[in-house]
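Trainee: Contents of model.cif (mmCIF, C-alpha atoms) are below:
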```cif
data_final
#
loop_
_atom_site.label_atom_id
_atom_site.label_comp_id
_atom_site.auth_asym_id
_atom_site.auth_seq_id
_atom_site.Cartn_x
_atom_site.Cartn_y
_atom_site.Cartn_z
CA MET K 976 3.20 15.13 -23.67
CA LEU K 977 3.74 12.90 -20.66
CA SER K 978 3.42 9.83 -22.87
CA THR K 979 6.33 11.11 -24.95
CA LEU K 980 8.43 11.62 -21.82
CA LEU K 981 7.64 8.11 -20.66
CA MET K 982 8.56 6.69 -24.04
CA LYS K 983 11.91 8.50 -23.90
CA GLY K 984 12.47 7.07 -20.42
CA TYR K 985 11.66 3.60 -21.68
CA GLU K 986 14.07 3.94 -24.58
CA THR K 987 16.77 5.16 -22.19
CA PHE K 988 16.34 2.14 -19.98
CA GLU K 989 16.30 -0.19 -22.99
CA GLY K 990 19.78 1.05 -23.84
CA ALA K 991 20.88 1.16 -20.21
CA TYR K 992 20.34 -2.48 -19.42
CA ALA K 993 22.05 -3.54 -22.63
CA GLN K 994 25.11 -1.62 -21.40
CA VAL K 995 24.83 -3.14 -17.93
CA LEU K 996 24.79 -6.61 -19.41
CA SER K 997 27.79 -5.81 -21.56
CA GLY K 998 29.74 -4.64 -18.53
CA LEU K 999 28.84 -7.71 -16.51
CA ALA K 1000 29.30 -10.22 -19.29
CA ARG K 1001 31.54 -13.11 -18.28
CA ASN K 1002 30.35 -15.75 -20.69
CA ARG K 1003 28.87 -16.23 -24.12
CA LEU K 1004 25.33 -16.33 -22.74
CA ALA K 1005 25.56 -12.85 -21.23
CA LEU K 1006 27.16 -11.50 -24.40
CA ALA K 1007 24.34 -12.95 -26.45
CA VAL K 1008 21.72 -11.34 -24.21
CA ALA K 1009 23.52 -7.99 -24.26
CA GLY K 1010 23.53 -8.01 -28.04
CA ARG K 1011 19.92 -9.08 -28.40
CA VAL K 1012 18.00 -7.20 -25.71
CA SER K 1013 15.19 -6.43 -28.11
CA GLN K 1014 14.83 -10.15 -28.84
CA HIS K 1015 14.95 -11.40 -25.25
CA ARG K 1016 11.45 -12.85 -25.45
CA ASN K 1017 12.51 -15.39 -28.08
CA LEU K 1018 15.60 -16.25 -26.04
CA LEU K 1019 13.51 -16.92 -22.96
CA GLU K 1020 10.99 -19.05 -24.79
CA ARG K 1021 13.68 -21.67 -25.46
CA TRP K 1022 14.46 -22.12 -21.75
CA ILE K 1023 11.41 -21.26 -19.76
CA THR K 1024 8.99 -23.82 -18.40
CA ILE K 1025 5.92 -22.25 -16.88
CA GLN K 1026 3.24 -24.42 -15.38
CA LYS K 1027 0.51 -24.88 -17.96
CA ASP K 1028 -2.92 -24.10 -16.65
CA GLN K 1029 -4.41 -27.26 -15.19
CA ALA K 1030 -7.71 -25.87 -16.34
CA ASP K 1031 -10.32 -26.11 -19.03
CA VAL K 1032 -11.80 -23.23 -21.00
CA VAL K 1033 -15.48 -23.30 -20.05
CA ALA K 1034 -16.49 -20.01 -21.64
CA GLU K 1035 -15.04 -17.81 -24.38
CA LEU K 1036 -16.05 -14.19 -24.02
CA GLY K 1037 -14.61 -12.18 -26.88
CA ARG K 1038 -10.85 -12.37 -26.43
CA SER K 1039 -11.37 -13.31 -22.77
CA ARG K 1040 -11.81 -16.79 -21.33
CA LEU K 1041 -13.18 -18.33 -18.17
CA LEU K 1042 -10.84 -21.08 -16.98
CA ALA K 1043 -12.06 -23.84 -14.65
CA TYR K 1044 -9.28 -25.65 -12.79
CA ARG K 1045 -9.48 -29.40 -12.44
CA PRO K 1046 -9.95 -30.59 -8.83
CA VAL K 1047 -6.95 -32.13 -7.10
CA VAL K 1048 -8.50 -33.35 -3.83
CA SER K 1049 -11.61 -35.28 -2.86
CA GLY K 1050 -14.19 -33.95 -0.42
CA ARG K 1051 -14.35 -30.61 -2.14
CA ASP K 1052 -15.52 -27.38 -0.51
CA PRO K 1053 -18.65 -26.51 -2.51
CA ARG K 1054 -17.98 -22.75 -2.53
CA PRO K 1055 -16.41 -21.59 -5.82
CA VAL K 1056 -13.72 -18.92 -6.06
CA LEU K 1057 -13.21 -16.73 -9.13
CA MET K 1058 -9.82 -15.03 -9.49
CA VAL K 1059 -9.93 -11.66 -11.26
CA PRO K 1060 -6.49 -10.38 -12.37
CA SER K 1061 -5.48 -6.96 -13.63
CA LEU K 1062 -5.98 -5.99 -17.27
CA VAL K 1063 -2.42 -4.77 -17.89
CA ASN K 1064 -0.62 -8.00 -16.92
CA ARG K 1065 -1.28 -11.64 -17.67
CA HIS K 1066 -3.43 -13.73 -15.39
CA TYR K 1067 -0.80 -16.33 -14.52
CA ILE K 1068 0.74 -14.20 -11.77
CA LEU K 1069 -1.94 -16.00 -9.74
CA ASP K 1070 -0.77 -19.39 -11.01
CA LEU K 1071 2.94 -19.02 -11.73
CA VAL K 1072 4.59 -22.35 -10.89
CA PRO K 1073 3.98 -25.14 -8.36
CA GLY K 1074 4.65 -23.79 -4.90
CA ARG K 1075 4.09 -20.20 -6.04
CA SER K 1076 0.46 -20.35 -7.05
CA VAL K 1077 -2.70 -18.91 -5.51
CA ALA K 1078 -4.73 -21.33 -7.60
CA GLU K 1079 -2.78 -24.26 -6.17
CA HIS K 1080 -3.63 -23.26 -2.58
CA LEU K 1081 -7.32 -22.88 -3.42
CA LEU K 1082 -7.39 -26.25 -5.15
CA ASN K 1083 -5.60 -27.99 -2.29
CA ALA K 1084 -8.23 -26.56 0.07
CA GLY K 1085 -10.93 -28.13 -2.12
CA HIS K 1086 -12.47 -25.00 -3.61
CA PRO K 1087 -13.85 -25.11 -7.16
CA THR K 1088 -11.41 -22.64 -8.66
CA TYR K 1089 -11.86 -20.38 -11.66
CA MET K 1090 -9.74 -17.75 -13.41
CA MET K 1091 -10.90 -14.82 -15.50
CA ASP K 1092 -8.28 -14.64 -18.24
CA TRP K 1093 -8.81 -11.26 -19.89
CA GLY K 1094 -6.66 -12.40 -22.83
CA ARG K 1095 -4.86 -10.27 -25.39
CA PRO K 1096 -7.09 -7.55 -26.85
CA GLY K 1097 -7.24 -7.43 -30.62
CA PRO K 1098 -8.01 -4.64 -33.12
CA GLU K 1099 -11.72 -5.21 -32.58
CA ASP K 1100 -11.29 -4.17 -28.93
CA LYS K 1101 -10.28 -0.57 -29.66
CA GLY K 1102 -13.76 0.55 -28.67
CA THR K 1103 -14.32 -2.00 -25.90
CA THR K 1104 -15.40 -0.23 -22.71
CA LEU K 1105 -14.82 -1.01 -19.05
CA ASP K 1106 -18.57 -1.55 -18.67
CA GLU K 1107 -18.46 -4.20 -21.39
CA LEU K 1108 -15.64 -6.03 -19.63
CA LEU K 1109 -17.45 -5.93 -16.29
CA PHE K 1110 -21.10 -6.30 -17.14
CA ASP K 1111 -20.86 -8.43 -20.27
CA ARG K 1112 -17.75 -10.63 -19.96
CA LEU K 1113 -17.30 -10.84 -16.20
CA ASP K 1114 -21.05 -11.06 -15.69
CA ALA K 1115 -21.24 -13.97 -18.14
CA ALA K 1116 -18.41 -15.71 -16.30
CA VAL K 1117 -20.19 -15.33 -12.96
CA SER K 1118 -23.44 -16.62 -14.47
CA LYS K 1119 -21.61 -19.69 -15.79
CA ILE K 1120 -20.23 -20.42 -12.32
CA GLN K 1121 -23.64 -19.89 -10.73
CA SER K 1122 -25.33 -22.28 -13.15
CA THR K 1123 -22.64 -24.90 -12.48
CA HIS K 1124 -22.58 -24.70 -8.68
CA GLY K 1125 -25.92 -23.17 -7.74
CA ALA K 1126 -24.05 -20.48 -5.84
CA SER K 1127 -22.23 -17.24 -6.49
CA PRO K 1128 -18.45 -17.29 -6.33
CA THR K 1129 -16.21 -15.47 -3.92
CA MET K 1130 -14.29 -13.09 -6.15
CA MET K 1131 -10.56 -12.69 -5.55
CA GLY K 1132 -9.28 -9.57 -7.29
CA TYR K 1133 -5.67 -8.50 -7.71
CA CYS K 1134 -4.70 -4.83 -8.09
CA MET K 1135 -6.83 -3.33 -10.89
CA GLY K 1136 -8.75 -6.60 -10.96
CA GLY K 1137 -9.71 -6.04 -7.32
CA THR K 1138 -11.15 -2.61 -8.08
CA MET K 1139 -13.06 -4.08 -10.99
CA ALA K 1140 -14.44 -6.88 -8.79
CA LEU K 1141 -15.41 -4.30 -6.15
CA VAL K 1142 -17.36 -2.17 -8.62
CA TYR K 1143 -18.97 -5.23 -10.18
CA ALA K 1144 -20.13 -6.50 -6.78
CA ALA K 1145 -21.54 -3.07 -5.91
CA GLN K 1146 -23.56 -2.95 -9.12
CA ARG K 1147 -24.67 -6.59 -9.03
CA PRO K 1148 -26.01 -7.30 -5.51
CA GLY K 1149 -25.63 -10.97 -4.62
CA ALA K 1150 -23.37 -11.79 -7.57
CA ALA K 1151 -20.34 -12.20 -5.32
CA ALA K 1152 -20.56 -14.34 -2.17
CA GLY K 1153 -17.52 -12.51 -0.87
CA LEU K 1154 -14.63 -10.33 -1.99
CA VAL K 1155 -10.93 -10.98 -1.38
CA LEU K 1156 -9.05 -7.89 -2.52
CA LEU K 1157 -5.27 -8.01 -2.98
CA ALA K 1158 -3.32 -4.74 -3.34
CA THR K 1159 -6.50 -3.09 -4.59
CA PRO K 1160 -6.57 0.68 -5.21
CA VAL K 1161 -9.64 2.41 -3.81
CA ASP K 1162 -8.71 5.99 -2.92
CA PHE K 1163 -6.92 7.19 -6.03
CA ASP K 1164 -5.75 10.37 -4.32
CA LYS K 1165 -3.41 8.10 -2.36
CA VAL K 1166 -2.12 5.60 -4.93
CA GLY K 1167 1.22 7.42 -5.23
CA LEU K 1168 3.24 8.45 -8.28
CA LEU K 1169 0.78 6.93 -10.73
CA THR K 1170 -1.81 9.42 -9.50
CA LEU K 1171 0.57 12.36 -9.98
CA TRP K 1172 1.34 11.27 -13.53
CA ALA K 1173 -2.29 10.57 -14.42
CA ARG K 1174 -3.19 14.11 -13.32
CA HIS K 1175 -0.21 15.83 -14.94
CA GLU K 1176 -1.20 18.74 -17.14
CA GLY K 1177 0.99 17.37 -19.90
CA LEU K 1178 -1.13 14.25 -20.25
CA ASN K 1179 -3.61 14.70 -23.09
CA LEU K 1180 -5.69 11.62 -22.38
CA ASP K 1181 -8.07 12.00 -25.29
CA ASP K 1182 -5.22 12.52 -27.73
CA LEU K 1183 -3.45 9.43 -26.39
CA VAL K 1184 -6.53 7.22 -26.67
CA ASP K 1185 -7.70 8.56 -30.01
CA THR K 1186 -4.24 8.19 -31.52
CA TRP K 1187 -3.53 4.64 -30.37
CA GLY K 1188 -6.99 3.09 -30.08
CA LEU K 1189 -5.46 -0.04 -28.61
CA VAL K 1190 -2.78 1.31 -26.28
CA PRO K 1191 0.35 -0.89 -26.43
CA PRO K 1192 2.55 -1.96 -23.51
CA ALA K 1193 5.40 0.28 -24.71
CA VAL K 1194 3.25 3.29 -23.83
CA LEU K 1195 2.05 2.06 -20.44
CA GLN K 1196 4.84 -0.01 -18.95
CA PRO K 1197 7.46 2.76 -18.66
CA ALA K 1198 5.23 4.35 -16.01
CA PHE K 1199 5.55 1.23 -13.87
CA THR K 1200 9.27 0.98 -14.57
CA LEU K 1201 9.84 4.56 -13.48
CA LEU K 1202 8.12 3.91 -10.14
CA LYS K 1203 11.23 1.98 -9.14
CA PRO K 1204 13.85 2.17 -11.90
CA SER K 1205 16.37 0.02 -10.03
CA VAL K 1206 14.09 -2.98 -10.53
CA LEU K 1207 14.83 -2.98 -14.25
CA THR K 1208 18.58 -3.13 -13.80
CA ARG K 1209 18.30 -5.67 -10.99
CA LYS K 1210 16.12 -7.88 -13.18
CA TRP K 1211 18.78 -8.16 -15.85
CA VAL K 1212 21.67 -8.40 -13.39
CA THR K 1213 19.93 -11.31 -11.67
CA PHE K 1214 19.29 -12.91 -15.03
CA VAL K 1215 23.00 -12.84 -15.86
CA GLN K 1216 24.03 -13.99 -12.38
CA PHE K 1217 21.78 -17.04 -12.67
CA ALA K 1218 22.76 -17.79 -16.28
CA GLY K 1219 25.32 -20.42 -15.26
CA ASP K 1220 23.03 -22.11 -12.73
CA PRO K 1221 20.21 -23.99 -14.49
CA GLU K 1222 18.32 -24.64 -11.24
CA LYS K 1223 18.27 -20.98 -10.20
CA LEU K 1224 17.54 -19.87 -13.75
CA GLN K 1225 14.60 -22.25 -13.98
CA ALA K 1226 13.16 -20.81 -10.76
CA TYR K 1227 13.72 -17.21 -11.84
CA LEU K 1228 12.54 -17.25 -15.44
CA PRO K 1229 8.78 -17.67 -14.81
CA MET K 1230 8.64 -14.36 -12.93
CA PHE K 1231 10.96 -12.79 -15.50
CA ARG K 1232 8.68 -13.83 -18.30
CA TRP K 1233 5.50 -12.65 -16.55
CA ALA K 1234 7.07 -9.24 -15.89
CA THR K 1235 7.80 -8.80 -19.60
CA ASP K 1236 4.63 -10.46 -20.94
CA ASN K 1237 2.53 -7.30 -21.03
CA VAL K 1238 -0.59 -6.70 -23.07
CA SER K 1239 -2.28 -3.79 -24.78
CA ILE K 1240 -5.30 -2.18 -23.17
CA PRO K 1241 -8.40 -0.96 -25.02
CA GLY K 1242 -8.24 2.80 -25.33
CA GLU K 1243 -11.76 3.36 -24.03
CA VAL K 1244 -10.95 1.31 -20.94
CA LEU K 1245 -7.85 3.42 -20.34
CA ARG K 1246 -9.86 6.61 -20.83
CA THR K 1247 -12.44 5.60 -18.23
CA TRP K 1248 -9.86 4.18 -15.81
CA THR K 1249 -7.71 7.31 -15.95
CA ARG K 1250 -10.52 9.86 -15.95
CA ASP K 1251 -13.07 8.37 -13.54
CA TYR K 1252 -10.71 6.59 -11.15
CA PHE K 1253 -7.33 8.37 -11.16
CA GLN K 1254 -8.36 11.90 -12.05
CA ARG K 1255 -11.84 12.19 -10.50
CA ASN K 1256 -11.38 9.60 -7.73
CA GLY K 1257 -14.98 8.63 -8.27
CA LEU K 1258 -15.14 5.81 -5.73
CA VAL K 1259 -14.32 8.23 -2.90
CA ARG K 1260 -15.72 11.53 -4.12
CA GLY K 1261 -18.83 10.04 -5.67
CA GLY K 1262 -20.33 10.66 -9.08
CA MET K 1263 -18.98 7.50 -10.68
CA ILE K 1264 -21.38 5.77 -13.06
CA ALA K 1265 -21.07 2.08 -13.97
CA ASP K 1266 -23.59 0.08 -15.96
CA GLY K 1267 -25.81 3.15 -16.10
CA SER K 1268 -26.16 3.80 -12.37
CA PRO K 1269 -24.12 5.47 -9.59
CA VAL K 1270 -21.55 3.36 -7.75
CA ASP K 1271 -22.30 3.55 -4.03
CA LEU K 1272 -20.07 1.37 -1.86
CA SER K 1273 -22.03 2.36 1.26
CA ARG K 1274 -24.75 -0.07 0.14
CA LEU K 1275 -22.39 -2.99 -0.46
CA LYS K 1276 -23.31 -5.94 1.77
CA THR K 1277 -20.75 -8.43 0.45
CA PRO K 1278 -18.24 -9.74 3.05
CA ILE K 1279 -14.77 -8.37 2.30
CA LEU K 1280 -11.21 -9.39 3.12
CA ASN K 1281 -8.91 -6.50 2.21
CA VAL K 1282 -5.26 -7.59 1.90
CA VAL K 1283 -2.80 -4.69 1.92
CA ALA K 1284 0.90 -4.91 1.04
CA LEU K 1285 2.71 -2.50 3.36
CA GLN K 1286 5.79 -2.26 1.11
CA ASP K 1287 3.83 -1.81 -2.11
CA HIS K 1288 5.54 0.75 -4.38
CA ILE K 1289 2.77 0.59 -6.99
CA ILE K 1290 -0.37 0.92 -4.85
CA GLU K 1291 0.58 2.68 -1.63
CA PRO K 1292 -1.14 1.20 1.46
CA ASP K 1293 -3.38 4.17 2.28
CA SER K 1294 -5.24 3.69 -1.00
CA PRO K 1295 -6.73 0.25 -0.21
CA ARG K 1296 -7.06 1.12 3.50
CA ALA K 1297 -9.61 3.79 2.54
CA LEU K 1298 -12.18 1.13 1.66
CA LYS K 1299 -13.46 0.67 5.22
CA ARG K 1300 -14.79 4.22 5.55
CA LEU K 1301 -16.73 3.86 2.29
CA LEU K 1302 -18.61 0.74 3.40
CA PRO K 1303 -21.74 0.47 5.57
CA SER K 1304 -21.03 0.96 9.28
CA ARG K 1305 -21.88 -2.68 10.01
CA ALA K 1306 -20.05 -4.15 7.05
CA ASP K 1307 -18.49 -7.61 7.32
CA TYR K 1308 -14.98 -6.29 6.75
CA THR K 1309 -11.57 -7.71 7.59
CA LEU K 1310 -8.23 -5.97 7.03
CA LEU K 1311 -5.05 -8.01 6.61
CA GLU K 1312 -1.83 -5.99 6.40
CA CYS K 1313 1.28 -7.81 5.23
CA PRO K 1314 4.92 -6.61 5.39
CA MET K 1315 5.72 -7.23 1.73
CA GLY K 1316 5.54 -5.78 -1.76
CA HIS K 1317 2.94 -5.77 -4.52
CA THR K 1318 3.56 -9.12 -6.21
CA ASP K 1319 4.79 -10.74 -2.98
CA LEU K 1320 1.16 -11.22 -1.97
CA SER K 1321 0.83 -13.98 -4.55
CA ILE K 1322 4.34 -15.26 -5.29
CA GLY K 1323 6.62 -13.88 -2.57
CA PRO K 1324 8.47 -16.10 -0.07
CA GLN K 1325 5.84 -15.43 2.61
CA ALA K 1326 2.78 -15.74 0.39
CA GLY K 1327 2.39 -19.44 1.16
CA THR K 1328 3.01 -19.10 4.89
CA LEU K 1329 1.40 -15.76 5.77
CA VAL K 1330 -1.00 -14.48 3.13
CA LEU K 1331 -2.70 -17.50 1.57
CA PRO K 1332 -3.32 -19.42 4.82
CA GLU K 1333 -5.10 -16.34 6.18
CA ILE K 1334 -7.19 -16.08 3.03
CA LEU K 1335 -8.17 -19.75 3.32
CA ARG K 1336 -9.14 -19.25 6.97
CA TRP K 1337 -11.28 -16.30 6.02
CA LEU K 1338 -12.96 -18.29 3.26
CA LYS K 1339 -13.66 -21.12 5.70
CA SER K 1340 -15.26 -18.75 8.19
CA HIS K 1341 -17.53 -17.16 5.58
CA LYS K 1342 -20.02 -19.68 4.34
CA HIS K 1343 -22.29 -17.32 2.48
CA ARG K 1344 -23.83 -18.84 -0.64
CA ALA K 1345 -25.31 -15.78 -2.33
CA THR K 1346 -27.22 -16.26 -5.55
CA LYS K 1347 -27.35 -13.62 -8.23
CA GLU K 1348 -30.42 -11.37 -8.21
CA PHE K 1349 -31.68 -11.35 -11.77
CA THR K 1350 -33.75 -8.29 -12.57
#
```
Would it be possible to restate this file's structure as structure tokens?
Mentor:
Amino acid sequence: MLSTLLMKGYETFEGAYAQVLSGLARNRLALAVAGRVSQHRNLLERWITIQKDQADVVAELGRSRLLAYRPVVSGRDPRPVLMVPSLVNRHYILDLVPGRSVAEHLLNAGHPTYMMDWGRPGPEDKGTTLDELLFDRLDAAVSKIQSTHGASPTMMGYCMGGTMALVYAAQRPGAAAGLVLLATPVDFDKVGLLTLWARHEGLNLDDLVDTWGLVPPAVLQPAFTLLKPSVLTRKWVTFVQFAGDPEKLQAYLPMFRWATDNVSIPGEVLRTWTRDYFQRNGLVRGGMIADGSPVDLSRLKTPILNVVALQDHIIEPDSPRALKRLLPSRADYTLLECPMGHTDLSIGPQAGTLVLPEILRWLKSHKHRATKEFT
């Protein structure tokens, strides 16, 4: 099975970076890391300082939470923004540390800012479906924002979270005042290696889901590692190089921690995501059903800013670019292409000078205040 191959690859890399660290070791710190690779999370916890969410939990939705950030400026822009992260990584990639935070930019611009924290699924989530996440939890979060502000939020989705926000907006007309999509897969024929692996004849999807129920990171993350294996070695090499420089280490560890702070995914969500999106490419080919009805992006009237990372090795650029041809001919659609990688859109060196200022300009120029259509 492909999952077995990926696990073997993961185990190989686990051993490989321990050896790399041993070869590079020049001090007791590196030696300690090399000898305790499997315990690196505990080691990091003693040093790392990640910005705590300057936010309040305003709704608890199963294991998920809606976070409302506290305002930092007066004269606030009344239009709320809801950030929707991916399911397979933690939400704080959008709020990493001061100076590298999407939330910080939104707050400084005066927007009421919210985060959908999907949380860590528990045993009770083995049967949780993608529809339940979208049309129960996310829908409840949007309703909370609407009741607070009298307006629908602009939804800012990252990667898988962008696709989820797109489908939600298509099935709930008026629920999103606008969509800002970052590195969002749309045409799954063109995602890249992940598509090839998801369609590999050796992948028994039903067996994988039925066996695990709640699919752990050790099963999923090797696929992302194998997209660019050098990243794994470089991550640990950089860690050792910075070990003797507290300032550099302090700046590096938040990203290091996020990259290793992976979560399980409900098996039924993985089944739907793999089958309907990766294998069937339902958004492009049609036939996708969400919340009991067909998903038809040609009827979507929500203004959209589509932000594409041209050097993205996870979601290749032609996948998000495909969105335009699926929308109505007169859609309010803007494409922003940026010469950077997948996570650079939110935390890269040019995020604060190139990407986020453009997003704020787009938000300022779109003053739609859609209200949810309750039926």
Trainee: To test your reading of the syntax: which residues would the PyMOL selection byres ((chain K and resi 1268) around 12) return for the file shown? Reply as a PyMOL selection string.
Mentor: chain K and resi 1106+1142-1143+1145-1147+1261-1267+1269-1271
Trainee: Restricting the calculation to only C-alpha atoms, which member of K:Leu1178, K:Ile1240, K:Leu1189, K:Val1059 is positioned closest to Gly1132 in chain K?
Mentor: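 When distances to Gly1132 in chain K are compared using only C-alpha atoms, the smallest one comes from K:Val1059.
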Trainee: Please evaluate the PyMOL selection byres ((chain K and resi 1281) around 6) against the structure above and give the resulting residues as a ChimeraX atom specification.
Mentor: /K:1156,1280,1282,1310
Trainee: Quick one: which residues end up in the PyMOL selection byres ((chain K and resi 1305) around 12) for this structure, as a list in words?
Mentor: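 That selection, the PyMOL selection byres ((chain K and resi 1305) around 12), comes back as Ser1273, Arg1274, Leu1275, Lys1276, Thr1277, Pro1278, Ile1279, Lys1299, Arg1300, Leu1301, Leu1302, Pro1303, Ser1304, Ala1306, Asp1307, Tyr1308 and Thr1309 of chain K.
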Trainee: In Å, rounded to a single decimal, give me how far CA of Met1090 in chain K is from CA of Tyr1067 in chain K.
Mentor: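 Separation of CA of Tyr1067 in chain K and CA of Met1090 in chain K: 9.1 Å.
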Trainee: What's around His1341 in chain K at 10 Å? Count all atoms listed in the file, leave out sequence neighbours fewer than 3 positions away in its own chain, and write the answer as JSON, numbers by chain.
Mentor: {"K": [1054, 1129, 1152, 1153, 1278, 1279, 1307, 1335, 1336, 1337, 1338, 1344]}
Trainee: Report, in Å with one decimal, the straight-line distance from CA of Asp1293 in chain K to CA of Lys1165 in chain K.
Mentor: 6.1 Å
Trainee: For CA of Tyr1044 in chain K and CA of Val1155 in chain K, quote the distance in Å rounded to one decimal.
Mentor: 18.7 Å
Trainee: Do you know which residues are at most 6 Å from Asp1092 in chain K counting all atoms listed in the file, after dropping those on the same chain fewer than 3 positions away, and could you put them as a ChimeraX atom specification?
Mentor: /K:1039-1040,1066
Trainee: Tell me which of K:Leu1311, K:Leu1272, K:Leu1285, K:Gln1121 sits closest to Gly1257 in chain K, counting all atoms listed in the file.
Mentor: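 Of the candidates, the smallest distance to Gly1257 in chain K is held by K:Leu1272.
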Trainee: May I have a table of the residues of range 1125-1159 of chain K lying at most 12 Å from range 1072-1079 of chain K, giving each one's closest pair of atoms and their distance in Å to one decimal, counting only C-alpha atoms, ordered by chain and ascending residue number, as JSON lines?
Mentor:
```
{"residue": "K:Met1131", "atom": "CA", "partner": "K:Val1077", "partner_atom": "CA", "distance": 10.0}
{"residue": "K:Gly1132", "atom": "CA", "partner": "K:Val1077", "partner_atom": "CA", "distance": 11.6}
{"residue": "K:Tyr1133", "atom": "CA", "partner": "K:Val1077", "partner_atom": "CA", "distance": 11.0}
{"residue": "K:Leu1157", "atom": "CA", "partner": "K:Val1077", "partner_atom": "CA", "distance": 11.5}
```
Trainee: For Met1315 in chain K, which residue out of K:Gln1286, K:Ser1294, K:Asn1237, K:Ser1340 is the nearest one, using only C-alpha atoms?
Mentor: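 Ranking K:Gln1286, K:Ser1294, K:Asn1237, K:Ser1340 by distance to Met1315 in chain K, first place goes to K:Gln1286.
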Trainee: Find the residue from K:Ala1140, K:Asp1287, K:Val1048, K:Leu1057 that sits nearest to Asn1083 in chain K; use only C-alpha atoms when measuring.
Mentor: K:Val1048
